[in-house]
$ cat final38.pdb   # PDB, C-alpha atoms
ATOM      1  CA  MET A   1      -9.913 -16.700  77.571
ATOM      2  CA  THR A   2     -13.383 -18.041  76.943
ATOM      3  CA  TYR A   3     -13.630 -21.475  75.434
ATOM      4  CA  THR A   4     -16.044 -21.899  72.554
ATOM      5  CA  PRO A   5     -16.462 -25.030  70.443
ATOM      6  CA  ALA A   6     -14.295 -23.373  67.752
ATOM      7  CA  THR A   7     -11.536 -22.592  70.265
ATOM      8  CA  GLY A   8     -11.795 -26.119  71.593
ATOM      9  CA  GLU A   9     -11.576 -27.663  68.149
ATOM     10  CA  ALA A  10      -8.474 -25.600  67.332
ATOM     11  CA  ALA A  11      -6.895 -26.720  70.607
ATOM     12  CA  ILE A  12      -7.627 -30.394  69.895
ATOM     13  CA  ARG A  13      -6.214 -30.141  66.366
ATOM     14  CA  GLN A  14      -3.117 -28.489  67.817
ATOM     15  CA  LEU A  15      -2.789 -31.319  70.344
ATOM     16  CA  LEU A  16      -3.086 -33.902  67.574
ATOM     17  CA  GLY A  17      -0.401 -32.130  65.536
ATOM     18  CA  ASP A  18       1.849 -31.978  68.588
ATOM     19  CA  ARG A  19       1.250 -35.692  69.196
ATOM     20  CA  VAL A  20       2.324 -36.604  65.668
ATOM     21  CA  ARG A  21       5.402 -34.388  65.970
ATOM     22  CA  ALA A  22       6.292 -36.002  69.310
ATOM     23  CA  VAL A  23       6.183 -39.443  67.676
ATOM     24  CA  THR A  24       8.290 -38.451  64.671
ATOM     25  CA  THR A  25      10.895 -36.849  66.950
ATOM     26  CA  LYS A  26      10.679 -39.766  69.436
ATOM     27  CA  ASP A  27      10.011 -37.321  72.264
ATOM     28  CA  VAL A  28       8.794 -39.505  75.143
ATOM     29  CA  ASP A  29       8.151 -36.553  77.483
ATOM     30  CA  ALA A  30       6.057 -34.721  74.906
ATOM     31  CA  VAL A  31       3.920 -37.805  74.268
ATOM     32  CA  ALA A  32       3.508 -38.510  77.989
ATOM     33  CA  ALA A  33       2.669 -34.889  78.873
ATOM     34  CA  GLN A  34      -0.518 -35.002  76.830
ATOM     35  CA  TYR A  35      -2.079 -37.682  79.036
ATOM     36  CA  ASP A  36      -4.231 -37.220  82.096
ATOM     37  CA  ALA A  37      -2.859 -39.122  85.114
ATOM     38  CA  ASP A  38      -6.082 -41.143  85.083
ATOM     39  CA  ALA A  39      -5.981 -42.041  81.384
ATOM     40  CA  VAL A  40      -7.153 -45.492  80.299
ATOM     41  CA  MET A  41      -5.503 -46.838  77.141
ATOM     42  CA  TYR A  42      -6.620 -49.572  74.765
ATOM     43  CA  ASP A  43      -3.457 -50.277  72.757
ATOM     44  CA  LEU A  44      -2.463 -52.513  69.831
ATOM     45  CA  ALA A  45      -0.558 -54.790  72.220
ATOM     46  CA  PRO A  46      -2.077 -56.606  75.202
ATOM     47  CA  PRO A  47      -3.360 -56.326  77.896
ATOM     48  CA  LEU A  48      -6.944 -55.226  77.184
ATOM     49  CA  GLN A  49      -6.298 -51.926  78.929
ATOM     50  CA  THR A  50      -3.705 -50.019  80.912
ATOM     51  CA  ARG A  51      -4.129 -47.046  83.216
ATOM     52  CA  GLY A  52      -1.738 -44.104  83.388
ATOM     53  CA  VAL A  53       1.106 -43.318  81.019
ATOM     54  CA  ASP A  54       3.884 -45.904  80.801
ATOM     55  CA  ARG A  55       6.969 -43.973  79.666
ATOM     56  CA  ASP A  56       9.008 -47.173  79.415
ATOM     57  CA  ALA A  57       6.482 -48.618  76.965
ATOM     58  CA  ILE A  58       6.605 -45.464  74.816
ATOM     59  CA  ARG A  59      10.414 -45.508  74.886
ATOM     60  CA  ALA A  60      10.500 -49.216  73.999
ATOM     61  CA  TRP A  61       8.220 -48.510  71.025
ATOM     62  CA  PHE A  62      10.452 -45.673  69.812
ATOM     63  CA  ASP A  63      13.590 -47.778  70.392
ATOM     64  CA  SER A  64      12.153 -50.612  68.303
ATOM     65  CA  TYR A  65      12.741 -48.398  65.254
ATOM     66  CA  ALA A  66      16.325 -48.164  64.030
ATOM     67  CA  GLY A  67      15.830 -44.743  62.488
ATOM     68  CA  PRO A  68      13.094 -42.168  62.344
ATOM     69  CA  ILE A  69       9.391 -42.943  62.560
ATOM     70  CA  ARG A  70       7.185 -41.343  59.943
ATOM     71  CA  CYS A  71       3.657 -40.595  61.049
ATOM     72  CA  ASP A  72       0.824 -39.137  58.984
ATOM     73  CA  THR A  73      -2.825 -38.738  59.903
ATOM     74  CA  ALA A  74      -5.943 -38.753  57.740
ATOM     75  CA  GLN A  75      -9.680 -38.279  57.965
ATOM     76  CA  GLU A  76      -9.715 -36.883  61.483
ATOM     77  CA  ARG A  77     -12.985 -35.626  62.919
ATOM     78  CA  VAL A  78     -13.129 -33.552  66.100
ATOM     79  CA  PHE A  79     -16.177 -33.229  68.378
ATOM     80  CA  VAL A  80     -15.983 -30.814  71.290
ATOM     81  CA  ASP A  81     -18.317 -29.042  73.679
ATOM     82  CA  GLY A  82     -17.332 -27.264  76.875
ATOM     83  CA  GLY A  83     -14.757 -29.405  78.645
ATOM     84  CA  VAL A  84     -15.224 -32.700  76.806
ATOM     85  CA  ALA A  85     -13.974 -33.702  73.360
ATOM     86  CA  PHE A  86     -13.172 -36.707  71.269
ATOM     87  CA  VAL A  87     -11.334 -37.096  67.993
ATOM     88  CA  HIS A  88     -11.036 -40.100  65.712
ATOM     89  CA  TYR A  89      -8.580 -40.486  62.857
ATOM     90  CA  LEU A  90      -6.427 -42.883  60.896
ATOM     91  CA  TYR A  91      -2.660 -42.738  61.099
ATOM     92  CA  ARG A  92       0.093 -44.249  59.027
ATOM     93  CA  ILE A  93       3.335 -45.432  60.615
ATOM     94  CA  ARG A  94       6.395 -45.957  58.465
ATOM     95  CA  GLY A  95       9.909 -46.902  59.448
ATOM     96  CA  THR A  96      12.533 -49.596  59.750
ATOM     97  CA  GLN A  97      12.596 -51.618  62.933
ATOM     98  CA  THR A  98      15.840 -52.700  64.590
ATOM     99  CA  SER A  99      14.925 -56.240  63.453
ATOM    100  CA  GLY A 100      15.165 -55.022  59.863
ATOM    101  CA  ASN A 101      11.409 -55.260  59.407
ATOM    102  CA  GLU A 102       9.985 -52.485  57.221
ATOM    103  CA  VAL A 103       6.783 -51.126  58.730
ATOM    104  CA  ASP A 104       4.128 -49.353  56.717
ATOM    105  CA  MET A 105       0.738 -49.625  58.350
ATOM    106  CA  TRP A 106      -2.450 -47.682  58.905
ATOM    107  CA  VAL A 107      -3.965 -47.704  62.391
ATOM    108  CA  ARG A 108      -7.381 -46.495  63.647
ATOM    109  CA  ALA A 109      -7.276 -44.162  66.649
ATOM    110  CA  THR A 110      -9.790 -42.546  68.970
ATOM    111  CA  LEU A 111      -8.835 -40.044  71.676
ATOM    112  CA  GLY A 112     -11.154 -38.912  74.468
ATOM    113  CA  LEU A 113     -10.153 -35.630  76.095
ATOM    114  CA  ARG A 114     -11.160 -33.344  78.909
ATOM    115  CA  ARG A 115     -10.166 -29.785  79.628
ATOM    116  CA  GLN A 116      -8.602 -28.732  82.900
ATOM    117  CA  GLY A 117      -8.394 -24.953  82.929
ATOM    118  CA  ASP A 118      -6.885 -24.083  79.571
ATOM    119  CA  ALA A 119      -5.203 -27.441  79.046
ATOM    120  CA  TRP A 120      -6.723 -30.388  77.226
ATOM    121  CA  LYS A 121      -5.574 -33.811  78.393
ATOM    122  CA  ILE A 122      -6.084 -37.263  76.894
ATOM    123  CA  ILE A 123      -8.186 -39.259  79.362
ATOM    124  CA  HIS A 124      -8.690 -42.193  76.990
ATOM    125  CA  SER A 125      -6.922 -43.503  73.904
ATOM    126  CA  HIS A 126      -7.882 -46.437  71.704
ATOM    127  CA  ASP A 127      -5.623 -47.724  68.895
ATOM    128  CA  SER A 128      -6.406 -50.788  66.815
ATOM    129  CA  GLU A 129      -6.160 -52.857  63.677
ATOM    130  CA  PRO A 130      -9.039 -54.923  62.346
ATOM    131  CA  PHE A 131      -8.380 -58.630  61.978
ATOM    132  CA  ASP A 132      -9.272 -61.270  59.417
ATOM    133  CA  MET A 133     -12.414 -63.108  60.495
ATOM    134  CA  LYS A 134     -11.102 -66.501  59.350
ATOM    135  CA  THR A 135      -7.411 -66.432  60.308
ATOM    136  CA  PHE A 136      -7.730 -63.905  63.188
ATOM    137  CA  GLN A 137      -4.581 -62.206  61.907
ATOM    138  CA  ALA A 138      -4.307 -58.453  62.398
ATOM    139  CA  LEU A 139      -4.466 -56.738  59.000
ATOM    140  CA  PHE A 140      -1.631 -54.291  58.397
ATOM    141  CA  ASP A 141      -2.015 -53.730  54.677
ATOM    142  CA  LEU A 142      -5.390 -51.966  54.649
ATOM    143  CA  GLN A 143      -5.614 -48.556  53.016
ATOM    144  CA  PRO A 144      -8.040 -45.791  53.970
TER     145      PRO A 144
ATOM    146  CA  MET B   1     -35.758 -30.180  79.857
ATOM    147  CA  THR B   2     -32.367 -28.646  80.587
ATOM    148  CA  TYR B   3     -29.372 -30.860  79.998
ATOM    149  CA  THR B   4     -26.719 -30.913  82.685
ATOM    150  CA  PRO B   5     -23.671 -33.174  82.773
ATOM    151  CA  ALA B   6     -25.558 -35.411  85.243
ATOM    152  CA  THR B   7     -28.578 -35.643  82.948
ATOM    153  CA  GLY B   8     -26.277 -36.329  80.026
ATOM    154  CA  GLU B   9     -24.420 -39.055  81.869
ATOM    155  CA  ALA B  10     -27.690 -40.755  82.823
ATOM    156  CA  ALA B  11     -28.803 -40.583  79.183
ATOM    157  CA  ILE B  12     -25.546 -42.133  77.950
ATOM    158  CA  ARG B  13     -25.718 -44.939  80.517
ATOM    159  CA  GLN B  14     -29.307 -45.580  79.440
ATOM    160  CA  LEU B  15     -28.184 -45.719  75.803
ATOM    161  CA  LEU B  16     -25.440 -48.188  76.675
ATOM    162  CA  GLY B  17     -27.911 -50.388  78.557
ATOM    163  CA  ASP B  18     -30.298 -50.247  75.602
ATOM    164  CA  ARG B  19     -27.453 -51.169  73.264
ATOM    165  CA  VAL B  20     -26.573 -54.263  75.278
ATOM    166  CA  ARG B  21     -30.234 -55.275  75.441
ATOM    167  CA  ALA B  22     -30.574 -54.814  71.669
ATOM    168  CA  VAL B  23     -27.643 -57.195  71.122
ATOM    169  CA  THR B  24     -28.916 -59.862  73.497
ATOM    170  CA  THR B  25     -32.383 -59.732  71.869
ATOM    171  CA  LYS B  26     -30.841 -59.559  68.363
ATOM    172  CA  ASP B  27     -32.876 -56.423  67.619
ATOM    173  CA  VAL B  28     -31.296 -54.983  64.464
ATOM    174  CA  ASP B  29     -33.578 -51.929  64.380
ATOM    175  CA  ALA B  30     -32.815 -51.010  67.988
ATOM    176  CA  VAL B  31     -29.059 -51.240  67.380
ATOM    177  CA  ALA B  32     -29.268 -49.247  64.155
ATOM    178  CA  ALA B  33     -31.521 -46.535  65.627
ATOM    179  CA  GLN B  34     -28.793 -45.434  68.029
ATOM    180  CA  TYR B  35     -26.461 -44.349  65.230
ATOM    181  CA  ASP B  36     -26.187 -40.942  63.626
ATOM    182  CA  ALA B  37     -26.553 -41.123  59.826
ATOM    183  CA  ASP B  38     -23.005 -39.771  59.601
ATOM    184  CA  ALA B  39     -21.451 -42.278  62.019
ATOM    185  CA  VAL B  40     -17.956 -43.611  61.312
ATOM    186  CA  MET B  41     -17.251 -47.109  62.655
ATOM    187  CA  TYR B  42     -13.956 -48.848  63.348
ATOM    188  CA  ASP B  43     -15.000 -52.500  63.707
ATOM    189  CA  LEU B  44     -13.300 -55.800  64.559
ATOM    190  CA  ALA B  45     -13.578 -56.875  60.917
ATOM    191  CA  PRO B  46     -12.080 -54.988  57.973
ATOM    192  CA  PRO B  47     -12.153 -52.489  56.315
ATOM    193  CA  LEU B  48     -10.399 -49.845  58.438
ATOM    194  CA  GLN B  49     -13.609 -47.867  58.676
ATOM    195  CA  THR B  50     -17.175 -47.752  57.450
ATOM    196  CA  ARG B  51     -19.609 -44.862  57.337
ATOM    197  CA  GLY B  52     -23.310 -45.117  58.183
ATOM    198  CA  VAL B  53     -25.092 -48.071  59.747
ATOM    199  CA  ASP B  54     -25.040 -51.324  57.771
ATOM    200  CA  ARG B  55     -28.138 -53.249  58.917
ATOM    201  CA  ASP B  56     -27.142 -56.261  56.832
ATOM    202  CA  ALA B  57     -23.817 -56.472  58.656
ATOM    203  CA  ILE B  58     -25.555 -56.303  62.051
ATOM    204  CA  ARG B  59     -28.039 -58.973  60.969
ATOM    205  CA  ALA B  60     -25.242 -61.186  59.620
ATOM    206  CA  TRP B  61     -23.457 -60.879  62.970
ATOM    207  CA  PHE B  62     -26.607 -61.846  64.887
ATOM    208  CA  ASP B  63     -27.332 -64.695  62.463
ATOM    209  CA  SER B  64     -23.827 -66.097  62.955
ATOM    210  CA  TYR B  65     -24.974 -67.179  66.439
ATOM    211  CA  ALA B  66     -27.167 -70.280  66.583
ATOM    212  CA  GLY B  67     -28.851 -69.239  69.800
ATOM    213  CA  PRO B  68     -28.836 -66.209  72.066
ATOM    214  CA  ILE B  69     -25.919 -63.820  72.435
ATOM    215  CA  ARG B  70     -24.911 -62.976  75.971
ATOM    216  CA  CYS B  71     -23.404 -59.533  76.439
ATOM    217  CA  ASP B  72     -22.012 -58.000  79.623
ATOM    218  CA  THR B  73     -20.152 -54.742  80.081
ATOM    219  CA  ALA B  74     -17.528 -53.720  82.615
ATOM    220  CA  GLN B  75     -15.474 -50.746  83.691
ATOM    221  CA  GLU B  76     -17.358 -48.172  81.651
ATOM    222  CA  ARG B  77     -16.468 -44.507  82.061
ATOM    223  CA  VAL B  78     -18.693 -41.737  80.700
ATOM    224  CA  PHE B  79     -17.529 -38.207  79.875
ATOM    225  CA  VAL B  80     -20.127 -35.663  78.827
ATOM    226  CA  ASP B  81     -20.475 -31.906  78.511
ATOM    227  CA  GLY B  82     -23.215 -30.052  76.665
ATOM    228  CA  GLY B  83     -23.888 -31.875  73.413
ATOM    229  CA  VAL B  84     -20.761 -34.039  73.202
ATOM    230  CA  ALA B  85     -19.952 -37.250  75.060
ATOM    231  CA  PHE B  86     -17.821 -40.326  74.871
ATOM    232  CA  VAL B  87     -17.870 -43.582  76.785
ATOM    233  CA  HIS B  88     -15.349 -46.392  76.883
ATOM    234  CA  TYR B  89     -15.933 -49.853  78.288
ATOM    235  CA  LEU B  90     -15.124 -53.534  77.991
ATOM    236  CA  TYR B  91     -17.759 -56.012  76.898
ATOM    237  CA  ARG B  92     -17.945 -59.763  76.988
ATOM    238  CA  ILE B  93     -19.668 -61.725  74.219
ATOM    239  CA  ARG B  94     -20.731 -65.305  74.837
ATOM    240  CA  GLY B  95     -22.638 -67.671  72.610
ATOM    241  CA  THR B  96     -22.527 -70.587  70.214
ATOM    242  CA  GLN B  97     -22.005 -69.820  66.560
ATOM    243  CA  THR B  98     -23.810 -71.675  63.778
ATOM    244  CA  SER B  99     -20.415 -73.273  63.012
ATOM    245  CA  GLY B 100     -20.463 -74.828  66.466
ATOM    246  CA  ASN B 101     -17.711 -72.525  67.686
ATOM    247  CA  GLU B 102     -18.146 -71.475  71.321
ATOM    248  CA  VAL B 103     -17.412 -67.766  71.709
ATOM    249  CA  ASP B 104     -16.383 -66.187  74.989
ATOM    250  CA  MET B 105     -14.393 -63.028  74.431
ATOM    251  CA  TRP B 106     -13.820 -59.589  75.899
ATOM    252  CA  VAL B 107     -13.727 -56.632  73.515
ATOM    253  CA  ARG B 108     -12.679 -53.003  74.083
ATOM    254  CA  ALA B 109     -15.185 -50.370  72.927
ATOM    255  CA  THR B 110     -15.301 -46.602  72.626
ATOM    256  CA  LEU B 111     -18.404 -44.674  71.581
ATOM    257  CA  GLY B 112     -18.428 -41.003  70.600
ATOM    258  CA  LEU B 113     -21.832 -39.332  70.824
ATOM    259  CA  ARG B 114     -23.528 -36.062  70.096
ATOM    260  CA  ARG B 115     -26.877 -34.774  71.192
ATOM    261  CA  GLN B 116     -29.519 -33.615  68.755
ATOM    262  CA  GLY B 117     -32.335 -32.030  70.738
ATOM    263  CA  ASP B 118     -33.059 -34.529  73.492
ATOM    264  CA  ALA B 119     -31.645 -37.520  71.632
ATOM    265  CA  TRP B 120     -28.083 -38.758  71.866
ATOM    266  CA  LYS B 121     -26.737 -40.492  68.772
ATOM    267  CA  ILE B 122     -23.562 -42.512  68.213
ATOM    268  CA  ILE B 123     -21.433 -40.572  65.725
ATOM    269  CA  HIS B 124     -18.407 -42.842  66.148
ATOM    270  CA  SER B 125     -17.810 -46.371  67.425
ATOM    271  CA  HIS B 126     -14.519 -48.215  67.832
ATOM    272  CA  ASP B 127     -14.354 -51.917  68.771
ATOM    273  CA  SER B 128     -11.125 -53.881  68.952
ATOM    274  CA  GLU B 129      -9.004 -56.704  70.270
ATOM    275  CA  PRO B 130      -5.291 -56.336  70.960
ATOM    276  CA  PHE B 131      -3.008 -58.683  69.044
ATOM    277  CA  ASP B 132       0.124 -60.640  69.872
ATOM    278  CA  MET B 133       3.200 -58.651  68.842
ATOM    279  CA  LYS B 134       5.022 -61.740  67.555
ATOM    280  CA  THR B 135       2.300 -63.796  65.868
ATOM    281  CA  PHE B 136      -0.027 -60.843  65.041
ATOM    282  CA  GLN B 137      -2.958 -63.024  66.158
ATOM    283  CA  ALA B 138      -5.908 -61.254  67.729
ATOM    284  CA  LEU B 139      -6.122 -62.208  71.403
ATOM    285  CA  PHE B 140      -9.545 -63.445  72.475
ATOM    286  CA  ASP B 141      -8.711 -64.946  75.845
ATOM    287  CA  LEU B 142      -7.730 -61.772  77.717
ATOM    288  CA  GLN B 143      -9.553 -60.949  80.939
ATOM    289  CA  PRO B 144     -10.167 -57.458  82.336
TER     290      PRO B 144
END
$ encode --input "final38.pdb" --output "structure tokens"
Amino acid sequence: MTYTPATGEAAIRQLLGDRVRAVTTKDVDAVAAQYDADAVMYDLAPPLQTRGVDRDAIRAWFDSYAGPIRCDTAQERVFVDGGVAFVHYLYRIRGTQTSGNEVDMWVRATLGLRRQGDAWKIIHSHDSEPFDMKTFQALFDLQP
Amino acid sequence: MTYTPATGEAAIRQLLGDRVRAVTTKDVDAVAAQYDADAVMYDLAPPLQTRGVDRDAIRAWFDSYAGPIRCDTAQERVFVDGGVAFVHYLYRIRGTQTSGNEVDMWVRATLGLRRQGDAWKIIHSHDSEPFDMKTFQALFDLQP
């Protein structure tokens, strides 16, 4: 199989679809399997960065929701050439937390990927919310 | 000139160095010139995203500092193949705002780039701070 930019883009879009499905089905292994062992993550929660997949953190996130997690993506753009790609997109998380809190928030996401053989792996992920410049509160009610 | 991954990586590191220099010298044109016309930005401040460089916003940011802005980067990693690249890094901003507020904060950053001829342009940038999961306050005092 010869990789072309078109093949690469299809593979990245497939990976993104699989990622969303893994979240909605709370499949820790499927989420973790997409990461390179050397991945560096910038997440919503501190610290500034973590290295390598933390299955316990993924499980804790899933477990914080009493029922299912809904996840939808929007406005994704994929850039790929040879063995390097990145994608940025917005995603919406909806669900009820075990605390009773109803979550409905849009998050910005960027994934950096590299190809190893036929498999693309996430080598970097960056999730964030903007914050209010006066109160420094993260803003969860923004719409795309 | 034939681009190889090594050439590309050197070009991206040069661009990152130029970007830092443009911030410390408050050079709006130099910052703006690095962006593709079609760039999508995820910034610290709302909204979720903006498209295309906003020189007024860059100038307003520079003007919010009474004196110079110090900027240092750390732990950058560059991934490049052909005409696509991304880099992620931490940067530290230090300075005194016109309000008298002393700023000293680390920020996470991801840049997505594409090459047009010999020139690399930023087609996507993502800057963020993590936030406290209980108070939802952006966290400015984290160290790498």
$ interface_residues --input "final38.pdb" --of "chain A" --to "chain B" --cutoff "10 Å" --atoms "all atoms listed in the file" --output "ChimeraX atom specification"
/A:40-50,77,79-90,106-114,123-133,135-144
$ write_last_selection --input "final38.pdb" --atoms "C-alpha atoms" --output "tab-separated table (two decimals), keeping the file's coordinate frame"
chain	number	residue	atom	x	y	z
A	40	VAL	CA	-7.15	-45.49	80.30
A	41	MET	CA	-5.50	-46.84	77.14
A	42	TYR	CA	-6.62	-49.57	74.76
A	43	ASP	CA	-3.46	-50.28	72.76
A	44	LEU	CA	-2.46	-52.51	69.83
A	45	ALA	CA	-0.56	-54.79	72.22
A	46	PRO	CA	-2.08	-56.61	75.20
A	47	PRO	CA	-3.36	-56.33	77.90
A	48	LEU	CA	-6.94	-55.23	77.18
A	49	GLN	CA	-6.30	-51.93	78.93
A	50	THR	CA	-3.70	-50.02	80.91
A	77	ARG	CA	-12.98	-35.63	62.92
A	79	PHE	CA	-16.18	-33.23	68.38
A	80	VAL	CA	-15.98	-30.81	71.29
A	81	ASP	CA	-18.32	-29.04	73.68
A	82	GLY	CA	-17.33	-27.26	76.88
A	83	GLY	CA	-14.76	-29.40	78.64
A	84	VAL	CA	-15.22	-32.70	76.81
A	85	ALA	CA	-13.97	-33.70	73.36
A	86	PHE	CA	-13.17	-36.71	71.27
A	87	VAL	CA	-11.33	-37.10	67.99
A	88	HIS	CA	-11.04	-40.10	65.71
A	89	TYR	CA	-8.58	-40.49	62.86
A	90	LEU	CA	-6.43	-42.88	60.90
A	106	TRP	CA	-2.45	-47.68	58.90
A	107	VAL	CA	-3.96	-47.70	62.39
A	108	ARG	CA	-7.38	-46.50	63.65
A	109	ALA	CA	-7.28	-44.16	66.65
A	110	THR	CA	-9.79	-42.55	68.97
A	111	LEU	CA	-8.84	-40.04	71.68
A	112	GLY	CA	-11.15	-38.91	74.47
A	113	LEU	CA	-10.15	-35.63	76.10
A	114	ARG	CA	-11.16	-33.34	78.91
A	123	ILE	CA	-8.19	-39.26	79.36
A	124	HIS	CA	-8.69	-42.19	76.99
A	125	SER	CA	-6.92	-43.50	73.90
A	126	HIS	CA	-7.88	-46.44	71.70
A	127	ASP	CA	-5.62	-47.72	68.90
A	128	SER	CA	-6.41	-50.79	66.82
A	129	GLU	CA	-6.16	-52.86	63.68
A	130	PRO	CA	-9.04	-54.92	62.35
A	131	PHE	CA	-8.38	-58.63	61.98
A	132	ASP	CA	-9.27	-61.27	59.42
A	133	MET	CA	-12.41	-63.11	60.50
A	135	THR	CA	-7.41	-66.43	60.31
A	136	PHE	CA	-7.73	-63.90	63.19
A	137	GLN	CA	-4.58	-62.21	61.91
A	138	ALA	CA	-4.31	-58.45	62.40
A	139	LEU	CA	-4.47	-56.74	59.00
A	140	PHE	CA	-1.63	-54.29	58.40
A	141	ASP	CA	-2.02	-53.73	54.68
A	142	LEU	CA	-5.39	-51.97	54.65
A	143	GLN	CA	-5.61	-48.56	53.02
A	144	PRO	CA	-8.04	-45.79	53.97
$ atom_distance --input "final38.pdb" --atom1 "atom CA of Ala32 of chain A" --atom2 "atom CA of Ala60 of chain A"
13.4 Å
$ atom_distance --input "final38.pdb" --atom1 "atom CA of Asn101 of chain A" --atom2 "atom CA of Cys71 of chain A"
16.7 Å
$ atom_distance --input "final38.pdb" --atom1 "atom CA of Thr98 of chain A" --atom2 "atom CA of Tyr65 of chain A"
5.3 Å
$ resolve_selection --input "final38.pdb" --expression "the PyMOL selection byres ((chain B and resi 102) around 12)" --output "ChimeraX atom specification"
/B:64-70,93-101,103-105,140
$ residues_around --input "final38.pdb" --residues "segment 10-12 of chain A" --least-positions-apart "2" --cutoff "10 Å" --atoms "all atoms listed in the file" --output "short mmCIF file (atom, residue, chain, number, x, y, z; two decimals) with C-alpha atoms, in the coordinates of the input"
data_model
loop_
_atom_site.label_atom_id
_atom_site.label_comp_id
_atom_site.auth_asym_id
_atom_site.auth_seq_id
_atom_site.Cartn_x
_atom_site.Cartn_y
_atom_site.Cartn_z
CA TYR A 3 -13.63 -21.48 75.43
CA THR A 4 -16.04 -21.90 72.55
CA PRO A 5 -16.46 -25.03 70.44
CA ALA A 6 -14.30 -23.37 67.75
CA THR A 7 -11.54 -22.59 70.26
CA GLY A 8 -11.80 -26.12 71.59
CA GLN A 14 -3.12 -28.49 67.82
CA LEU A 15 -2.79 -31.32 70.34
CA LEU A 16 -3.09 -33.90 67.57
CA GLY A 17 -0.40 -32.13 65.54
CA ASP A 18 1.85 -31.98 68.59
CA VAL A 78 -13.13 -33.55 66.10
CA PHE A 79 -16.18 -33.23 68.38
CA VAL A 80 -15.98 -30.81 71.29
CA ALA A 85 -13.97 -33.70 73.36
CA PHE A 86 -13.17 -36.71 71.27
CA VAL A 87 -11.33 -37.10 67.99
CA LEU A 111 -8.84 -40.04 71.68
CA LEU A 113 -10.15 -35.63 76.10
CA ASP A 118 -6.88 -24.08 79.57
CA ALA A 119 -5.20 -27.44 79.05
CA TRP A 120 -6.72 -30.39 77.23
CA LYS A 121 -5.57 -33.81 78.39
CA ILE A 122 -6.08 -37.26 76.89
#
$ residues_near_point --input "final38.pdb" --point "(-31.3, -47.0, 61.0)" --cutoff "12 Å" --atoms "only C-alpha atoms" --output "PyMOL selection string"
chain B and resi 27-39+52-56+58+121-122
$ closest_residue --input "final38.pdb" --among "A:Arg115, A:Arg59, A:Glu9, A:Val20" --to "Arg92 of chain A" --atoms "all atoms listed in the file"
A:Val20
